[in-house]
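Q: Structure file query.cif, mmCIF, C-alpha atoms; chains and numbers go by the auth columns, is pasted below:
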data_target
#
loop_
_atom_site.group_PDB
_atom_site.id
_atom_site.type_symbol
_atom_site.label_atom_id
_atom_site.label_comp_id
_atom_site.label_asym_id
_atom_site.label_seq_id
_atom_site.Cartn_x
_atom_site.Cartn_y
_atom_site.Cartn_z
_atom_site.B_iso_or_equiv
_atom_site.auth_seq_id
_atom_site.auth_asym_id
ATOM 1 C CA MET A 1 -23.332 15.383 14.396 0.00 1 A
ATOM 2 C CA ASN A 2 -26.559 13.912 15.728 0.00 2 A
ATOM 3 C CA PHE A 3 -26.345 11.053 13.202 0.00 3 A
ATOM 4 C CA ILE A 4 -23.788 9.288 15.396 0.00 4 A
ATOM 5 C CA GLU A 5 -26.458 8.410 17.953 0.00 5 A
ATOM 6 C CA ASP A 6 -28.181 6.265 15.314 0.00 6 A
ATOM 7 C CA TYR A 7 -25.321 3.804 15.847 0.00 7 A
ATOM 8 C CA ASN A 8 -25.651 3.604 19.621 0.00 8 A
ATOM 9 C CA HIS A 9 -26.901 0.024 19.536 0.00 9 A
ATOM 10 C CA PRO A 10 -26.374 -2.463 22.411 0.00 10 A
ATOM 11 C CA LYS A 11 -24.477 -4.828 20.077 0.00 11 A
ATOM 12 C CA ASN A 12 -22.214 -2.090 18.674 0.00 12 A
ATOM 13 C CA PHE A 13 -19.411 -2.458 21.204 0.00 13 A
ATOM 14 C CA ARG A 14 -17.219 -0.116 19.124 0.00 14 A
ATOM 15 C CA PHE A 15 -19.688 2.783 19.392 0.00 15 A
ATOM 16 C CA ASP A 16 -17.850 4.803 22.070 0.00 16 A
ATOM 17 C CA SER A 17 -14.582 4.522 20.178 0.00 17 A
ATOM 18 C CA PHE A 18 -16.161 5.641 16.893 0.00 18 A
ATOM 19 C CA LYS A 19 -17.954 8.507 18.625 0.00 19 A
ATOM 20 C CA PHE A 20 -14.713 9.764 20.214 0.00 20 A
ATOM 21 C CA ALA A 21 -12.793 9.400 16.922 0.00 21 A
ATOM 22 C CA LEU A 22 -15.404 11.273 14.874 0.00 22 A
ATOM 23 C CA LYS A 23 -15.642 14.109 17.383 0.00 23 A
ATOM 24 C CA GLU A 24 -11.856 14.420 17.182 0.00 24 A
ATOM 25 C CA ALA A 25 -11.985 14.269 13.369 0.00 25 A
ATOM 26 C CA HIS A 26 -14.575 17.043 13.341 0.00 26 A
ATOM 27 C CA LYS A 27 -12.408 19.258 15.577 0.00 27 A
ATOM 28 C CA ARG A 28 -9.598 18.783 13.057 0.00 28 A
ATOM 29 C CA ASN A 29 -11.833 19.542 10.039 0.00 29 A
ATOM 30 C CA HIS A 30 -11.292 16.111 8.521 0.00 30 A
ATOM 31 C CA GLU A 31 -12.891 15.445 5.148 0.00 31 A
ATOM 32 C CA ILE A 32 -10.914 12.629 3.503 0.00 32 A
ATOM 33 C CA PHE A 33 -11.537 9.228 5.090 0.00 33 A
ATOM 34 C CA VAL A 34 -9.891 5.982 4.019 0.00 34 A
ATOM 35 C CA GLU A 35 -11.125 2.608 5.248 0.00 35 A
ATOM 36 C CA THR A 36 -9.647 -0.817 4.554 0.00 36 A
ATOM 37 C CA GLY A 37 -12.246 -3.538 4.975 0.00 37 A
ATOM 38 C CA VAL A 38 -15.921 -2.593 4.557 0.00 38 A
ATOM 39 C CA SER A 39 -18.937 -3.333 6.744 0.00 39 A
ATOM 40 C CA ARG A 40 -19.984 -6.748 5.482 0.00 40 A
ATOM 41 C CA GLY A 41 -23.318 -7.279 7.148 0.00 41 A
ATOM 42 C CA LYS A 42 -24.600 -10.790 7.689 0.00 42 A
ATOM 43 C CA LYS A 43 -26.772 -13.094 5.674 0.00 43 A
ATOM 44 C CA LYS A 44 -30.428 -13.279 6.617 0.00 44 A
ATOM 45 C CA LEU A 45 -32.423 -16.000 4.912 0.00 45 A
ATOM 46 C CA LEU A 46 -31.097 -16.790 1.433 0.00 46 A
ATOM 47 C CA PHE A 47 -30.728 -13.490 -0.386 0.00 47 A
ATOM 48 C CA PHE A 48 -31.060 -10.699 2.131 0.00 48 A
ATOM 49 C CA VAL A 49 -28.218 -9.100 4.026 0.00 49 A
ATOM 50 C CA LYS A 50 -28.814 -7.208 7.236 0.00 50 A
ATOM 51 C CA LYS A 51 -26.704 -5.006 9.442 0.00 51 A
ATOM 52 C CA ASN A 52 -24.203 -6.755 11.668 0.00 52 A
ATOM 53 C CA TRP A 53 -23.737 -4.568 14.729 0.00 53 A
ATOM 54 C CA ASN A 54 -20.834 -6.737 15.886 0.00 54 A
ATOM 55 C CA ASP A 55 -18.971 -5.422 12.816 0.00 55 A
ATOM 56 C CA GLY A 56 -19.334 -1.895 14.206 0.00 56 A
ATOM 57 C CA MET A 57 -20.878 -0.674 10.946 0.00 57 A
ATOM 58 C CA SER A 58 -17.883 1.557 10.204 0.00 58 A
ATOM 59 C CA THR A 59 -18.670 2.116 6.527 0.00 59 A
ATOM 60 C CA MET A 60 -22.125 3.434 7.409 0.00 60 A
ATOM 61 C CA ILE A 61 -20.860 5.657 10.220 0.00 61 A
ATOM 62 C CA PHE A 62 -18.027 7.082 8.121 0.00 62 A
ATOM 63 C CA SER A 63 -20.318 7.678 5.127 0.00 63 A
ATOM 64 C CA ASP A 64 -22.719 9.648 7.333 0.00 64 A
ATOM 65 C CA TYR A 65 -19.819 11.696 8.701 0.00 65 A
ATOM 66 C CA VAL A 66 -18.346 12.558 5.274 0.00 66 A
ATOM 67 C CA LYS A 67 -21.775 13.508 3.973 0.00 67 A
ATOM 68 C CA PHE A 68 -22.229 15.747 7.036 0.00 68 A
ATOM 69 C CA VAL A 69 -18.938 17.582 6.322 0.00 69 A
ATOM 70 C CA ASN A 70 -19.197 17.377 2.510 0.00 70 A
ATOM 71 C CA GLY A 71 -16.146 15.129 2.445 0.00 71 A
ATOM 72 C CA HIS A 72 -15.398 11.755 0.888 0.00 72 A
ATOM 73 C CA LEU A 73 -14.873 8.164 2.026 0.00 73 A
ATOM 74 C CA TYR A 74 -12.611 5.853 0.034 0.00 74 A
ATOM 75 C CA THR A 75 -13.254 2.291 1.135 0.00 75 A
ATOM 76 C CA CYS A 76 -11.452 -0.797 -0.084 0.00 76 A
ATOM 77 C CA ASP A 77 -12.150 -4.501 0.191 0.00 77 A
ATOM 78 C CA ILE A 78 -10.819 -7.579 -1.559 0.00 78 A
ATOM 79 C CA SER A 79 -14.313 -9.110 -1.732 0.00 79 A
ATOM 80 C CA LYS A 80 -16.841 -7.928 -4.345 0.00 80 A
ATOM 81 C CA LYS A 81 -19.632 -9.460 -2.252 0.00 81 A
ATOM 82 C CA ASN A 82 -18.610 -7.388 0.790 0.00 82 A
ATOM 83 C CA LEU A 83 -18.428 -4.235 -1.336 0.00 83 A
ATOM 84 C CA ASP A 84 -21.867 -4.893 -2.830 0.00 84 A
ATOM 85 C CA ASN A 85 -23.346 -5.348 0.659 0.00 85 A
ATOM 86 C CA ALA A 86 -21.702 -2.151 1.913 0.00 86 A
ATOM 87 C CA LYS A 87 -23.036 -0.226 -1.100 0.00 87 A
ATOM 88 C CA LYS A 88 -26.569 -1.188 -0.075 0.00 88 A
ATOM 89 C CA PHE A 89 -25.975 0.015 3.477 0.00 89 A
ATOM 90 C CA VAL A 90 -24.748 3.460 2.379 0.00 90 A
ATOM 91 C CA SER A 91 -26.917 4.058 -0.683 0.00 91 A
ATOM 92 C CA LYS A 92 -28.217 7.366 0.732 0.00 92 A
ATOM 93 C CA ASN A 93 -24.614 8.655 0.850 0.00 93 A
ATOM 94 C CA LYS A 94 -23.384 7.147 -2.436 0.00 94 A
ATOM 95 C CA ASN A 95 -22.151 10.497 -3.798 0.00 95 A
ATOM 96 C CA ASN A 96 -19.703 10.769 -0.898 0.00 96 A
ATOM 97 C CA VAL A 97 -18.279 7.231 -1.096 0.00 97 A
ATOM 98 C CA SER A 98 -15.933 5.495 -3.526 0.00 98 A
ATOM 99 C CA PHE A 99 -15.767 1.694 -3.355 0.00 99 A
ATOM 100 C CA ILE A 100 -12.528 0.089 -4.505 0.00 100 A
ATOM 101 C CA LEU A 101 -12.136 -3.633 -5.182 0.00 101 A
ATOM 102 C CA ASP A 102 -8.487 -4.294 -4.397 0.00 102 A
ATOM 103 C CA ASP A 103 -6.060 -5.664 -1.865 0.00 103 A
ATOM 104 C CA SER A 104 -5.679 -3.048 0.873 0.00 104 A
ATOM 105 C CA ILE A 105 -1.889 -2.883 0.607 0.00 105 A
ATOM 106 C CA ASN A 106 -1.998 -2.277 -3.147 0.00 106 A
ATOM 107 C CA PHE A 107 -4.810 0.250 -2.689 0.00 107 A
ATOM 108 C CA LEU A 108 -2.864 2.208 -0.053 0.00 108 A
ATOM 109 C CA LYS A 109 0.351 2.136 -2.102 0.00 109 A
ATOM 110 C CA ASN A 110 -1.459 3.706 -5.049 0.00 110 A
ATOM 111 C CA PHE A 111 -3.721 6.126 -3.148 0.00 111 A
ATOM 112 C CA ASP A 112 -2.791 9.608 -4.368 0.00 112 A
ATOM 113 C CA LYS A 113 -4.388 11.969 -1.837 0.00 113 A
ATOM 114 C CA LYS A 114 -3.546 13.118 1.654 0.00 114 A
ATOM 115 C CA ILE A 115 -5.490 11.137 4.251 0.00 115 A
ATOM 116 C CA ASP A 116 -7.215 12.914 7.126 0.00 116 A
ATOM 117 C CA PHE A 117 -8.623 9.799 8.793 0.00 117 A
ATOM 118 C CA LEU A 118 -7.368 6.252 8.223 0.00 118 A
ATOM 119 C CA TYR A 119 -9.259 3.207 9.510 0.00 119 A
ATOM 120 C CA LEU A 120 -7.411 -0.109 9.234 0.00 120 A
ATOM 121 C CA ASP A 121 -9.673 -3.141 9.507 0.00 121 A
ATOM 122 C CA SER A 122 -9.066 -5.227 6.394 0.00 122 A
ATOM 123 C CA LEU A 123 -8.115 -8.594 7.872 0.00 123 A
ATOM 124 C CA ASP A 124 -9.833 -10.053 10.912 0.00 124 A
ATOM 125 C CA GLY A 125 -7.561 -10.413 13.912 0.00 125 A
ATOM 126 C CA PHE A 126 -7.864 -14.181 14.198 0.00 126 A
ATOM 127 C CA TYR A 127 -5.898 -14.732 10.960 0.00 127 A
ATOM 128 C CA GLU A 128 -2.274 -15.691 11.565 0.00 128 A
ATOM 129 C CA ASN A 129 -0.796 -12.883 9.458 0.00 129 A
ATOM 130 C CA ALA A 130 -3.260 -10.155 10.510 0.00 130 A
ATOM 131 C CA SER A 131 -0.718 -8.210 12.566 0.00 131 A
ATOM 132 C CA SER A 132 1.954 -8.164 9.853 0.00 132 A
ATOM 133 C CA HIS A 133 -0.703 -7.268 7.257 0.00 133 A
ATOM 134 C CA GLN A 134 -1.839 -4.239 9.278 0.00 134 A
ATOM 135 C CA LEU A 135 1.790 -3.174 9.708 0.00 135 A
ATOM 136 C CA LYS A 136 2.252 -3.298 5.903 0.00 136 A
ATOM 137 C CA GLU A 137 -0.883 -1.166 5.530 0.00 137 A
ATOM 138 C CA ILE A 138 0.355 1.601 7.832 0.00 138 A
ATOM 139 C CA LYS A 139 3.780 1.543 6.174 0.00 139 A
ATOM 140 C CA CYS A 140 2.099 2.063 2.777 0.00 140 A
ATOM 141 C CA ALA A 141 -0.068 4.897 4.094 0.00 141 A
ATOM 142 C CA ILE A 142 2.295 6.790 6.392 0.00 142 A
ATOM 143 C CA ASP A 143 3.570 9.186 3.712 0.00 143 A
ATOM 144 C CA LYS A 144 -0.032 10.130 2.900 0.00 144 A
ATOM 145 C CA LEU A 145 -0.751 11.235 6.478 0.00 145 A
ATOM 146 C CA HIS A 146 -0.232 14.762 7.810 0.00 146 A
ATOM 147 C CA GLU A 147 0.262 16.351 11.235 0.00 147 A
ATOM 148 C CA LYS A 148 -3.497 16.387 11.982 0.00 148 A
ATOM 149 C CA SER A 149 -4.279 12.907 10.640 0.00 149 A
ATOM 150 C CA LEU A 150 -5.942 10.283 12.802 0.00 150 A
ATOM 151 C CA VAL A 151 -5.376 6.539 12.492 0.00 151 A
ATOM 152 C CA LEU A 152 -7.886 4.143 14.030 0.00 152 A
ATOM 153 C CA LEU A 153 -6.722 0.548 14.406 0.00 153 A
ATOM 154 C CA ASP A 154 -9.278 -2.209 14.922 0.00 154 A
ATOM 155 C CA ASP A 155 -9.001 -5.578 16.684 0.00 155 A
ATOM 156 C CA LYS A 156 -6.713 -4.293 19.429 0.00 156 A
ATOM 157 C CA GLY A 157 -4.305 -6.895 20.685 0.00 157 A
ATOM 158 C CA GLN A 158 -5.146 -9.368 17.937 0.00 158 A
ATOM 159 C CA LYS A 159 -3.436 -7.436 15.174 0.00 159 A
ATOM 160 C CA THR A 160 -2.376 -4.012 16.431 0.00 160 A
ATOM 161 C CA ASP A 161 0.840 -4.661 18.381 0.00 161 A
ATOM 162 C CA LEU A 162 3.264 -4.346 15.449 0.00 162 A
ATOM 163 C CA SER A 163 1.465 -1.304 14.038 0.00 163 A
ATOM 164 C CA ILE A 164 1.366 0.518 17.366 0.00 164 A
ATOM 165 C CA LYS A 165 5.070 -0.126 17.984 0.00 165 A
ATOM 166 C CA PHE A 166 5.937 1.151 14.497 0.00 166 A
ATOM 167 C CA MET A 167 3.731 4.222 14.822 0.00 167 A
ATOM 168 C CA ILE A 168 5.078 5.194 18.238 0.00 168 A
ATOM 169 C CA GLU A 169 8.596 4.930 16.782 0.00 169 A
ATOM 170 C CA LYS A 170 7.380 7.419 14.131 0.00 170 A
ATOM 171 C CA ASN A 171 6.229 9.852 16.883 0.00 171 A
ATOM 172 C CA PHE A 172 2.530 8.978 16.884 0.00 172 A
ATOM 173 C CA LYS A 173 0.745 9.112 20.210 0.00 173 A
ATOM 174 C CA ILE A 174 -2.206 7.109 21.453 0.00 174 A
ATOM 175 C CA ILE A 175 -5.051 9.554 22.078 0.00 175 A
ATOM 176 C CA ASN A 176 -7.809 7.030 22.803 0.00 176 A
ATOM 177 C CA GLU A 177 -7.817 3.342 23.583 0.00 177 A
ATOM 178 C CA THR A 178 -10.687 0.962 24.180 0.00 178 A
ATOM 179 C CA LYS A 179 -10.942 -2.783 24.534 0.00 179 A
ATOM 180 C CA ASN A 180 -11.223 -3.157 20.733 0.00 180 A
ATOM 181 C CA GLN A 181 -9.617 -0.128 19.091 0.00 181 A
ATOM 182 C CA VAL A 182 -6.705 2.299 19.335 0.00 182 A
ATOM 183 C CA LEU A 183 -6.743 5.866 17.973 0.00 183 A
ATOM 184 C CA LEU A 184 -3.397 7.499 17.204 0.00 184 A
ATOM 185 C CA SER A 185 -2.176 10.855 15.955 0.00 185 A
ATOM 186 C CA PHE A 186 1.090 12.796 15.624 0.00 186 A
#
Output the structure of this file as structure tokens.
A:
Amino acid sequence: MNFIEDYNHPKNFRFDSFKFALKEAHKRNHEIFVETGVSRGKKKLLFFVKKNWNDGMSTMIFSDYVKFVNGHLYTCDISKKNLDNAKKFVSKNKNNVSFILDDSINFLKNFDKKIDFLYLDSLDGFYENASSHQLKEIKCAIDKLHEKSLVLLDDKGQKTDLSIKFMIEKNFKIINETKNQVLLSF
């Protein structure tokens, strides 16, 4: 899994959390990844989009992982522009990624596979309803998880409190926690 070191950038403050989560996913033989909210990038000049390390670049990292294990990433965003940008970032892994234009809650309700690794990051934490939105996401996805599934919550403290409380009530345990993210499993 040497590819992970490509993301060890000074501005990627989520790097250690992603590295821990992917090592754990690999130990558990995870192949099916689901992400709500894609890596958006940021506008450079008028037409060009470049990587935004403050975003964490999750879509890129996860696409490299699923290619490495011959798995698949299903990533959802409500913005076509964000999806188009993410497609550019992961073009080398396009056969291992499905991009879905939809609301994350609707997407998760209708997702018809078991989920090995779930990453919830569809609504930035500064939005008023971000915490209740993330809680709705985990409630829609919980029946698609299994005993070895991992759930990574982003924007810790800004939107994770309701989700963590709900998940702990459902017998999940926190297995890693950083300033920005929380990783849980049964």
Q: Check the smallest atom-to-atom distance from each of A:Ser104, A:Thr75, A:Asn2, A:Ser17 to A:Ser39 using only C-alpha atoms, then report the winner.
A: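 Ranked by minimum distance to A:Ser39, first place goes to A:Thr75.
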Q: Suppose a student applies the PyMOL selection byres ((chain A and resi 107-122) around 8) to this structure; what residues should they get, written as number ranges by chain?
A: A: 25, 30-38, 76-77, 100, 102-106, 123-124, 134, 137, 140-141, 144-146, 148-155
Q: Using only C-alpha atoms, which of the listed residues (A:Lys139, A:Lys179, A:Lys11, A:His26) sits closest to A:Phe166?
A: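 Among A:Lys139, A:Lys179, A:Lys11, A:His26, it is A:Lys139 that comes nearest to A:Phe166.
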Q: In Å to one decimal, how far is atom CA of A:Lys173 from atom CA of A:Ser185?
A: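 Spanning atom CA of A:Ser185 to atom CA of A:Lys173 is a straight-line distance of 5.4 Å.
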Q: Please provide as a ChimeraX atom specification all residues within 9 Å of A:Leu135, with the sequence filter that same-chain residues fewer than 5 positions apart are discarded (counting only C-alpha atoms).
A: /A:130,140,159-164,166
Q: Got time to write the residues from that selection, C-alpha atoms, as an mmCIF file, in the coordinates of the input?
A:
data_model
loop_
_atom_site.group_PDB
_atom_site.id
_atom_site.type_symbol
_atom_site.label_atom_id
_atom_site.label_comp_id
_atom_site.auth_asym_id
_atom_site.auth_seq_id
_atom_site.Cartn_x
_atom_site.Cartn_y
_atom_site.Cartn_z
ATOM 1 C CA ALA A 130 -3.260 -10.155 10.510
ATOM 2 C CA CYS A 140 2.099 2.063 2.777
ATOM 3 C CA LYS A 159 -3.436 -7.436 15.174
ATOM 4 C CA THR A 160 -2.376 -4.012 16.431
ATOM 5 C CA ASP A 161 0.840 -4.661 18.381
ATOM 6 C CA LEU A 162 3.264 -4.346 15.449
ATOM 7 C CA SER A 163 1.465 -1.304 14.038
ATOM 8 C CA ILE A 164 1.366 0.518 17.366
ATOM 9 C CA PHE A 166 5.937 1.151 14.497
#
Q: Applied to the shown file, which residues does the PyMOL selection byres ((chain A and resi 86) around 7) return, written as number ranges by chain?
A: A: 38-40, 59, 82-85, 87-90
Q: With a distance cut-off of 7 Å and only C-alpha atoms, select the neighbouring residues of stretch 62-69 of chain A, excluding the residue or stretch itself and same-chain residues fewer than 4 positions from it, and output the selection as a list in words.
A: Glu31, Ser58, Leu73, Val90, Asn93, Asn96 and Val97 of chain A
Q: Do you have the atom CA of A:Phe3-atom CA of A:Lys81 distance handy?
A: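 So the answer is 26.5 Å.
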Q: Enter the distance from atom CA of A:Asp16 to atom CA of A:Glu169, in Å, rounded to one decimal.
A: 27.0 Å
Q: I need the residue nearest A:Asn180 from this list: A:Met60, A:Arg14, A:Asn29, A:His9. Use only C-alpha atoms for the distance.
A: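 Of A:Met60, A:Arg14, A:Asn29, A:His9, the one nearest A:Asn180, counting only C-alpha atoms, is A:Arg14.
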Q: Can you list, as a list in words, every protein, DNA or RNA residue that comes within 9 Å of A:Lys23 when you count all atoms listed in the file, leaving out same-chain residues fewer than 5 positions away?
A: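 Once the adjacent positions are removed, what remains is Met1, Phe18 and Arg28 of chain A.
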